[in-house]
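Peer 1: Take a look at structure.tsv, TSV, C-alpha atoms:
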chain	number	residue	atom	x	y	z
A	1	MET	CA	76.44	-1.05	17.30
A	2	ARG	CA	72.92	-0.88	18.57
A	3	ASN	CA	73.16	-4.52	19.53
A	4	SER	CA	76.31	-4.04	21.56
A	5	LEU	CA	74.71	-1.04	23.29
A	6	ALA	CA	71.72	-3.16	24.17
A	7	ALA	CA	74.01	-5.88	25.47
A	8	LEU	CA	75.86	-3.35	27.59
A	9	LEU	CA	72.62	-2.01	29.00
A	10	MET	CA	71.49	-5.55	29.74
A	11	ALA	CA	74.75	-6.24	31.58
A	12	PHE	CA	74.26	-3.10	33.68
A	13	LEU	CA	70.70	-4.08	34.50
A	14	LEU	CA	71.78	-7.56	35.51
A	15	ALA	CA	74.59	-6.12	37.61
A	16	ALA	CA	72.11	-3.78	39.32
A	17	GLN	CA	69.82	-6.71	39.99
A	18	ALA	CA	72.69	-8.67	41.44
A	19	GLN	CA	73.49	-5.92	43.93
A	20	ASP	CA	71.56	-7.18	46.93
A	21	PRO	CA	74.11	-9.38	48.75
A	22	ALA	CA	71.53	-11.02	51.02
A	23	ILE	CA	69.55	-12.27	48.04
A	24	GLU	CA	72.68	-13.33	46.17
A	25	LYS	CA	73.70	-15.37	49.18
A	26	ARG	CA	70.33	-17.12	49.24
A	27	VAL	CA	70.52	-17.75	45.49
A	28	ALA	CA	73.96	-19.30	45.92
A	29	THR	CA	72.83	-21.54	48.81
A	30	LEU	CA	69.67	-22.69	47.07
A	31	ALA	CA	71.48	-23.26	43.79
A	32	GLN	CA	73.78	-25.68	45.65
A	33	GLU	CA	70.75	-27.71	46.69
A	34	LEU	CA	69.33	-28.13	43.19
A	35	ARG	CA	70.34	-30.45	40.40
A	36	CYS	CA	70.86	-29.22	36.88
A	37	LEU	CA	68.74	-31.59	34.84
A	38	VAL	CA	70.67	-31.04	31.64
A	39	CYS	CA	73.98	-32.09	33.14
A	40	GLN	CA	72.70	-34.34	35.84
A	41	ASN	CA	75.71	-34.56	38.10
A	42	GLN	CA	76.14	-30.85	38.60
A	43	THR	CA	74.23	-28.44	40.79
A	44	ILE	CA	72.65	-25.46	39.08
A	45	ALA	CA	75.22	-23.37	40.94
A	46	ASP	CA	78.08	-25.17	39.17
A	47	SER	CA	76.51	-25.47	35.75
A	48	ASN	CA	76.46	-22.90	33.02
A	49	ALA	CA	73.89	-24.73	30.90
A	50	PRO	CA	71.21	-22.28	29.73
A	51	LEU	CA	68.60	-24.04	31.86
A	52	ALA	CA	70.76	-23.68	34.97
A	53	VAL	CA	71.12	-19.96	34.27
A	54	ASP	CA	67.34	-19.66	33.82
A	55	LEU	CA	66.70	-21.51	37.06
A	56	ARG	CA	69.18	-19.34	38.96
A	57	ASN	CA	67.37	-16.26	37.63
A	58	GLN	CA	64.10	-17.84	38.66
A	59	ILE	CA	65.44	-18.31	42.22
A	60	ARG	CA	66.72	-14.73	42.25
A	61	GLU	CA	63.36	-13.32	41.12
A	62	GLN	CA	61.42	-15.34	43.65
A	63	ALA	CA	63.84	-14.51	46.47
A	64	ALA	CA	63.54	-10.82	45.58
A	65	ALA	CA	59.75	-11.18	45.61
A	66	GLY	CA	59.95	-12.33	49.22
A	67	LYS	CA	59.41	-16.08	48.76
A	68	SER	CA	60.87	-18.32	51.44
A	69	ASP	CA	63.56	-20.90	50.69
A	70	GLN	CA	61.02	-23.68	51.15
A	71	ASP	CA	58.63	-21.97	48.72
A	72	ILE	CA	61.36	-21.86	46.10
A	73	LEU	CA	62.36	-25.51	46.62
A	74	ASP	CA	58.67	-26.51	46.42
A	75	PHE	CA	58.37	-24.56	43.18
A	76	MET	CA	61.24	-26.57	41.68
A	77	VAL	CA	60.00	-29.93	42.97
A	78	ALA	CA	56.51	-29.25	41.58
A	79	ARG	CA	58.05	-28.90	38.12
A	80	TYR	CA	61.01	-31.24	38.07
A	81	GLY	CA	60.22	-33.75	40.82
A	82	ASP	CA	62.26	-34.91	43.81
A	83	PHE	CA	65.11	-35.64	41.42
A	84	VAL	CA	65.91	-31.93	41.31
A	85	LEU	CA	66.86	-32.01	45.01
A	86	TYR	CA	70.40	-33.01	45.84
A	87	ARG	CA	69.13	-34.21	49.21
A	88	PRO	CA	66.02	-36.20	48.31
A	89	PRO	CA	63.35	-36.53	51.02
A	90	PHE	CA	62.82	-39.81	52.85
A	91	LYS	CA	59.58	-41.33	51.62
A	92	ALA	CA	58.12	-44.53	50.18
A	93	THR	CA	59.76	-44.14	46.77
A	94	THR	CA	63.17	-43.31	48.20
A	95	VAL	CA	63.40	-45.92	50.98
A	96	VAL	CA	65.77	-48.11	48.95
A	97	LEU	CA	67.95	-45.09	48.23
A	98	TRP	CA	68.32	-44.14	51.88
A	99	ALA	CA	68.23	-47.55	53.55
A	100	GLY	CA	70.10	-49.48	50.84
A	101	PRO	CA	73.65	-48.56	51.87
A	102	PHE	CA	72.98	-49.46	55.52
A	103	LEU	CA	71.43	-52.73	54.44
A	104	PHE	CA	74.56	-53.56	52.46
A	105	LEU	CA	76.74	-52.54	55.41
A	106	ILE	CA	74.89	-54.93	57.72
A	107	LEU	CA	75.02	-57.69	55.12
A	108	GLY	CA	78.76	-57.12	54.68
A	109	LEU	CA	79.36	-57.24	58.44
A	110	TYR	CA	77.41	-60.48	58.67
A	111	PHE	CA	79.51	-62.17	55.99
A	112	LEU	CA	82.72	-60.78	57.47
A	113	ILE	CA	81.92	-62.16	60.91
A	114	ARG	CA	80.97	-65.52	59.45
A	115	PHE	CA	84.18	-65.63	57.44
A	116	VAL	CA	86.38	-64.72	60.40
A	117	ARG	CA	84.67	-67.24	62.67
A	118	ARG	CA	85.17	-70.06	60.19
A	119	ARG	CA	88.86	-69.34	59.91
A	120	ARG	CA	89.45	-69.44	63.64
A	121	VAL	CA	92.06	-72.21	64.21
A	122	PRO	CA	91.06	-74.68	66.93
A	123	ALA	CA	93.38	-74.67	69.95
A	124	PRO	CA	96.00	-77.43	69.50
A	125	GLN	CA	95.27	-80.57	71.48
A	126	LEU	CA	98.45	-82.14	72.77
A	127	THR	CA	98.85	-85.55	74.26
A	128	ASP	CA	100.66	-85.93	77.62
A	129	ALA	CA	103.74	-87.29	75.86
A	130	GLU	CA	103.86	-84.27	73.57
A	131	ARG	CA	103.48	-81.90	76.51
A	132	GLN	CA	106.43	-83.50	78.29
A	133	ARG	CA	108.50	-83.28	75.17
A	134	ALA	CA	107.61	-79.63	74.71
A	135	ALA	CA	108.44	-78.86	78.33
A	136	LYS	CA	111.83	-80.55	77.90
A	137	LEU	CA	112.57	-78.55	74.74
A	138	LEU	CA	111.68	-75.32	76.48
A	139	GLU	CA	113.92	-75.89	79.47
B	1	MET	CA	80.32	-77.10	46.39
B	2	ASN	CA	77.86	-75.05	48.44
B	3	ARG	CA	80.29	-72.19	48.45
B	4	ALA	CA	80.76	-72.27	44.68
B	5	LEU	CA	76.98	-72.20	44.23
B	6	TRP	CA	76.71	-69.19	46.51
B	7	THR	CA	79.40	-67.32	44.65
B	8	LEU	CA	77.82	-68.16	41.33
B	9	GLY	CA	74.42	-67.03	42.64
B	10	ILE	CA	75.75	-63.68	43.82
B	11	PHE	CA	77.61	-63.22	40.55
B	12	VAL	CA	74.49	-63.89	38.47
B	13	ALA	CA	72.44	-61.55	40.66
B	14	LEU	CA	75.01	-58.79	40.21
B	15	VAL	CA	75.14	-59.28	36.45
B	16	ALA	CA	71.33	-59.13	36.31
B	17	LEU	CA	71.30	-55.95	38.40
B	18	LEU	CA	73.91	-54.27	36.20
B	19	ALA	CA	72.17	-55.41	33.02
B	20	VAL	CA	68.93	-53.77	34.19
B	21	GLY	CA	70.87	-50.66	35.19
B	22	LEU	CA	72.42	-50.42	31.74
B	23	ARG	CA	69.03	-50.54	30.09
B	24	LEU	CA	67.55	-47.75	32.21
B	25	ASN	CA	67.76	-44.30	30.75
B	26	PRO	CA	69.14	-41.93	33.41
B	27	ARG	CA	67.78	-38.99	31.41
B	28	GLU	CA	64.25	-40.19	31.94
B	29	VAL	CA	63.17	-38.34	35.01
B	30	PRO	CA	59.59	-39.13	36.06
B	31	SER	CA	57.61	-35.91	35.74
B	32	PRO	CA	55.60	-34.83	38.77
B	33	LEU	CA	53.23	-33.12	36.34
B	34	ILE	CA	51.56	-36.32	35.13
B	35	GLY	CA	47.96	-36.28	36.35
B	36	LYS	CA	48.12	-32.58	37.14
B	37	PRO	CA	46.46	-29.74	35.24
B	38	ALA	CA	48.65	-28.35	32.48
B	39	PRO	CA	50.30	-25.15	33.81
B	40	HIS	CA	48.67	-21.97	32.64
B	41	PHE	CA	50.17	-19.93	29.85
B	42	GLU	CA	49.10	-17.12	27.60
B	43	LEU	CA	51.67	-16.61	24.90
B	44	PRO	CA	51.87	-14.83	21.56
B	45	LEU	CA	51.73	-16.96	18.45
B	46	LEU	CA	54.97	-17.59	16.64
B	47	ALA	CA	53.52	-16.49	13.33
B	48	GLN	CA	51.33	-13.64	14.67
B	49	PRO	CA	52.96	-11.82	17.61
B	50	ASP	CA	49.81	-9.80	18.30
B	51	LYS	CA	47.64	-12.86	18.88
B	52	LEU	CA	47.62	-14.70	22.19
B	53	PHE	CA	46.94	-18.34	22.82
B	54	SER	CA	46.30	-20.13	26.11
B	55	GLN	CA	46.23	-23.81	27.05
B	56	LYS	CA	42.59	-23.14	28.04
B	57	ASP	CA	41.73	-22.70	24.36
B	58	MET	CA	42.25	-26.45	23.96
B	59	LEU	CA	39.83	-27.54	26.71
B	60	GLY	CA	37.48	-30.24	25.50
B	61	LYS	CA	40.05	-31.79	23.18
B	62	VAL	CA	42.75	-34.36	23.57
B	63	TRP	CA	45.84	-32.64	22.23
B	64	ILE	CA	49.58	-32.94	22.02
B	65	MET	CA	52.05	-30.26	22.95
B	66	ASN	CA	55.46	-30.49	21.35
B	67	VAL	CA	58.31	-28.35	22.68
B	68	TRP	CA	60.85	-27.55	19.98
B	69	ALA	CA	63.42	-25.02	18.82
B	70	SER	CA	65.25	-24.34	15.60
B	71	TRP	CA	68.59	-24.61	17.43
B	72	CYS	CA	67.82	-28.16	18.56
B	73	PRO	CA	69.10	-30.90	16.21
B	74	PRO	CA	67.04	-33.73	17.79
B	75	CYS	CA	63.94	-31.65	17.05
B	76	LEU	CA	64.77	-31.94	13.39
B	77	VAL	CA	65.22	-35.69	13.83
B	78	GLU	CA	61.78	-36.15	15.36
B	79	HIS	CA	60.07	-33.70	13.01
B	80	PRO	CA	58.87	-36.35	10.53
B	81	VAL	CA	57.32	-38.30	13.43
B	82	VAL	CA	55.53	-35.20	14.72
B	83	THR	CA	54.39	-34.48	11.17
B	84	ARG	CA	52.96	-37.98	10.88
B	85	ILE	CA	51.02	-37.60	14.14
B	86	ALA	CA	49.48	-34.35	12.92
B	87	GLN	CA	48.70	-35.73	9.48
B	88	SER	CA	47.10	-38.89	10.83
B	89	GLY	CA	44.52	-36.71	12.56
B	90	MET	CA	45.18	-38.58	15.81
B	91	ALA	CA	45.22	-35.32	17.77
B	92	PRO	CA	46.02	-31.68	17.10
B	93	VAL	CA	49.66	-30.82	17.80
B	94	VAL	CA	50.44	-27.45	19.33
B	95	GLY	CA	54.06	-26.37	19.16
B	96	LEU	CA	55.79	-24.58	22.00
B	97	ASN	CA	58.68	-22.79	20.37
B	98	TYR	CA	61.23	-22.72	23.19
B	99	LYS	CA	63.88	-20.01	23.64
B	100	ASP	CA	64.10	-19.38	19.94
B	101	GLN	CA	64.20	-16.39	17.61
B	102	ARG	CA	61.33	-15.77	15.20
B	103	ASP	CA	63.88	-15.13	12.45
B	104	ASP	CA	65.21	-18.66	12.97
B	105	ALA	CA	62.03	-20.50	13.85
B	106	LEU	CA	59.80	-19.35	10.99
B	107	PRO	CA	62.32	-20.25	8.22
B	108	TRP	CA	62.88	-23.59	10.02
B	109	LEU	CA	59.18	-24.36	9.66
B	110	LYS	CA	59.22	-23.26	6.05
B	111	ARG	CA	62.19	-25.53	5.33
B	112	ASN	CA	60.99	-28.59	7.22
B	113	GLY	CA	57.23	-28.29	6.96
B	114	ASP	CA	54.76	-27.01	9.51
B	115	PRO	CA	52.51	-29.75	10.88
B	116	TYR	CA	51.42	-27.71	13.89
B	117	LEU	CA	47.92	-26.46	14.54
B	118	LEU	CA	49.73	-23.39	15.77
B	119	ASN	CA	52.92	-22.47	17.59
B	120	VAL	CA	53.25	-20.38	20.72
B	121	TYR	CA	56.39	-18.39	21.29
B	122	ASP	CA	58.19	-18.84	24.64
B	123	LEU	CA	61.14	-16.52	24.15
B	124	ASN	CA	62.64	-16.60	27.65
B	125	GLY	CA	61.69	-20.18	28.49
B	126	ARG	CA	59.47	-19.20	31.43
B	127	ILE	CA	56.61	-21.43	30.38
B	128	GLY	CA	59.15	-24.16	29.69
B	129	ILE	CA	60.13	-24.03	33.37
B	130	ASP	CA	56.47	-24.33	34.40
B	131	TYR	CA	56.18	-27.46	32.29
B	132	GLY	CA	59.43	-28.86	33.70
B	133	VAL	CA	61.15	-28.75	30.32
B	134	TYR	CA	64.83	-29.64	30.59
B	135	GLY	CA	65.73	-31.23	27.30
B	136	VAL	CA	64.13	-30.18	24.04
B	137	PRO	CA	62.31	-31.78	22.33
B	138	GLU	CA	59.64	-32.75	24.83
B	139	THR	CA	56.12	-33.92	24.12
B	140	TYR	CA	53.01	-33.85	26.31
B	141	VAL	CA	49.62	-35.50	25.91
B	142	ILE	CA	46.88	-33.39	27.48
B	143	ASP	CA	43.30	-34.58	27.92
B	144	GLN	CA	39.91	-32.88	27.51
B	145	LYS	CA	40.00	-31.52	31.04
B	146	GLY	CA	43.41	-30.01	30.53
B	147	VAL	CA	45.25	-32.65	32.58
B	148	ILE	CA	48.71	-33.80	31.53
B	149	ARG	CA	48.56	-37.56	30.91
B	150	TYR	CA	51.94	-38.33	29.40
B	151	LYS	CA	55.28	-36.71	28.92
B	152	HIS	CA	58.14	-37.80	26.71
B	153	VAL	CA	61.60	-36.25	26.91
B	154	GLY	CA	63.80	-36.42	23.85
B	155	PRO	CA	62.97	-37.08	20.21
B	156	LEU	CA	59.77	-39.01	19.54
B	157	THR	CA	60.17	-42.18	17.53
B	158	ALA	CA	57.61	-44.05	15.46
B	159	ASP	CA	57.88	-46.86	18.02
B	160	ILE	CA	56.99	-44.62	20.99
B	161	VAL	CA	54.08	-43.11	19.07
B	162	GLN	CA	52.77	-46.54	18.15
B	163	LYS	CA	53.20	-48.11	21.59
B	164	LYS	CA	52.47	-45.22	23.96
B	165	VAL	CA	51.09	-42.05	22.41
B	166	GLU	CA	48.55	-43.48	20.01
B	167	PRO	CA	46.91	-45.99	22.41
B	168	LEU	CA	46.74	-43.31	25.12
B	169	VAL	CA	45.20	-40.71	22.82
B	170	ARG	CA	42.67	-43.29	21.60
B	171	GLU	CA	41.79	-44.31	25.14
B	172	LEU	CA	41.40	-40.69	26.29
B	173	ALA	CA	39.32	-39.76	23.28
B	174	SER	CA	36.93	-42.65	23.81
B	175	ALA	CA	36.67	-42.08	27.56
B	176	LYS	CA	35.12	-38.63	27.17
What is this file in structure tokens?

Peer 2:
Amino acid sequence: MRNSLAALLMAFLLAAQAQDPAIEKRVATLAQELRCLVCQNQTIADSNAPLAVDLRNQIREQAAAGKSDQDILDFMVARYGDFVLYRPPFKATTVVLWAGPFLFLILGLYFLIRFVRRRRVPAPQLTDAERQRAAKLLE
Amino acid sequence: MNRALWTLGIFVALVALLAVGLRLNPREVPSPLIGKPAPHFELPLLAQPDKLFSQKDMLGKVWIMNVWASWCPPCLVEHPVVTRIAQSGMAPVVGLNYKDQRDDALPWLKRNGDPYLLNVYDLNGRIGIDYGVYGVPETYVIDQKGVIRYKHVGPLTADIVQKKVEPLVRELASAK
């Protein structure tokens, strides 16, 4: 009984904390930008893993304390690395990640062009006799 | 002939690429904390809630921090390995009891043995976040100056201890 009362109180407190719509909006936006490291292909907004819940609360607390979005993202990167960002920054270690697809696109285009050029059929060379015959047939 | 060689070459390159990819562990995320000072904490002990312990209390020693919880099956799997580290006297092992209940954690230690120098109690996982914990168990090697030198995510194995942890601890201890 006491436990359920405590749980109820906790729920009320959390609900009260979740009142500020401006902060909730920021939490939702930031949570979309961050990867849940337990379930790597989900954002912490989509995941209900305990760590994702903790990190959402962490964002909420910091947002309520007046931290900027960049401050909060920096906080996460300092602890979990660039991997936590769904849009990793462009730097030396991520060049392959960002440039790779374009490199493959260019490579693909090159091979495509080469392939198409090779298949081009040379214009038929007719002798004079053949031309006359063709002209007769077409009359 | 040339064309067949090309195709074969590309095929082999692809197979090699995929083979490497298969061997990589996607769970192993490089920690940005390596080479940085261990984040500050001051937490109550698991066994004595009225006593506080801070990472500063370990300054001057090479030590190992092991994040564990009674609800975490892999922690039980690695427990003999952690026990062996502590018993070998390689380095003191401090436990960070992560998001656990005392009523679960203390009996767990009684059942499975307590190799830890001491355990600190991180009930809400706040310190875990500061250390970038995302999958218990995790293990950190921290040097005399309080700098994190190594982090392992997931259960420790005898192989990892022998190839990574032990040589590193030895090297750090002799470097002074």

Peer 1: Tell me which residues come within 12 Å of (49.4, -42.6, 23.1), as a PyMOL selection string, counting all atoms listed in the file in the file's coordinates.

Peer 2: chain B and resi 62-64+85+90-91+139-143+149-152+156+158-173

Peer 1: Work out how far atom CA of A:Gly100 is from atom CA of B:Val12, in Å to one decimal.

Peer 2: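 Between these atoms lies a distance of 19.5 Å.
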
Peer 1: Kindly provide the residues of chain A that approach chain B to within 8 Å, each paired with its closest atom pair and their distance in Å to one decimal, based on all atoms listed in the file, listed by chain and increasing number, as a tab-separated table.

Peer 2:
residue	atom	partner	partner_atom	distance
A:Leu37	CA	B:Tyr134	CA	6.1
A:Val38	CA	B:Tyr134	CA	6.1
A:Leu51	CA	B:Tyr134	CA	6.9
A:Asp54	CA	B:Gly125	CA	7.8
A:Leu55	CA	B:Ile129	CA	7.9
A:Val77	CA	B:Pro32	CA	7.8
A:Ala78	CA	B:Pro32	CA	6.3
A:Arg79	CA	B:Gly132	CA	4.6
A:Tyr80	CA	B:Gly132	CA	5.2
A:Gly81	CA	B:Pro32	CA	5.2
A:Phe83	CA	B:Val29	CA	7.2

Peer 1: Between atom CA of B:Leu109 and atom CA of A:Pro50, what is the distance, to one decimal in Å?

Peer 2: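 Computing it gives 23.5 Å between the two atoms.
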
Peer 1: Kindly give the distance, in Å, that separates atom CA of B:Trp71 and atom CA of A:Arg35, rounded to a single decimal.

Peer 2: 23.8 Å

Peer 1: Between B:Asn97, B:Asn25, B:Ser88, B:Thr157, single out the one closest to B:Asn66, counting all atoms listed in the file.

Peer 2: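 With all atoms listed in the file as the atom set, the closest residue is B:Asn97.
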
Peer 1: Would you mind telling me which residue in A:Leu103, A:Leu34, A:Gln42, A:Ser47 lies nearest to A:Asp82 when using all atoms listed in the file?

Peer 2: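 Closest to A:Asp82, using all atoms listed in the file: A:Leu34.
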
Peer 1: Each residue of stretch 65-160 of chain B with at least one atom at most 8 Å from stretch 41-56 of chain B should appear once, together with its nearest atom pair and the corresponding distance in Å (one decimal); atoms considered: only C-alpha atoms; ordering: chain, then increasing residue number; output as CSV.

Peer 2:
residue,atom,partner,partner_atom,distance
B:Asn97,CA,B:Leu46,CA,7.4
B:Arg102,CA,B:Leu46,CA,6.8
B:Leu106,CA,B:Ala47,CA,7.3
B:Leu118,CA,B:Leu45,CA,7.2
B:Asn119,CA,B:Leu46,CA,5.4
B:Val120,CA,B:Leu45,CA,4.4
B:Tyr121,CA,B:Leu46,CA,4.9
B:Asp122,CA,B:Leu43,CA,6.9
B:Ile127,CA,B:Phe41,CA,6.6
B:Gly146,CA,B:Lys56,CA,7.4

Peer 1: Residues near B:Asp100, anyone? I mean within 7 Å using only C-alpha atoms, not counting same-chain ones fewer than 3 positions away, as a PDB file with C-alpha atoms, in the coordinates of the input.

Peer 2:
ATOM      1  CA  ALA B  69      63.420 -25.020  18.820  1.00  0.00           C
ATOM      2  CA  SER B  70      65.250 -24.340  15.600  1.00  0.00           C
ATOM      3  CA  ASN B  97      58.680 -22.790  20.370  1.00  0.00           C
ATOM      4  CA  ALA B 105      62.030 -20.500  13.850  1.00  0.00           C
ATOM      5  CA  LEU B 123      61.140 -16.520  24.150  1.00  0.00           C
TER       6      LEU B 123
END

Peer 1: Neighbours of B:Val93 within 6 Å (all atoms listed in the file; same-chain residues fewer than 2 positions away dropped), as a list in words?

Peer 2: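 Using all atoms listed in the file, the neighbours found are Ile64, Met65, Tyr116 and Leu117 of chain B.
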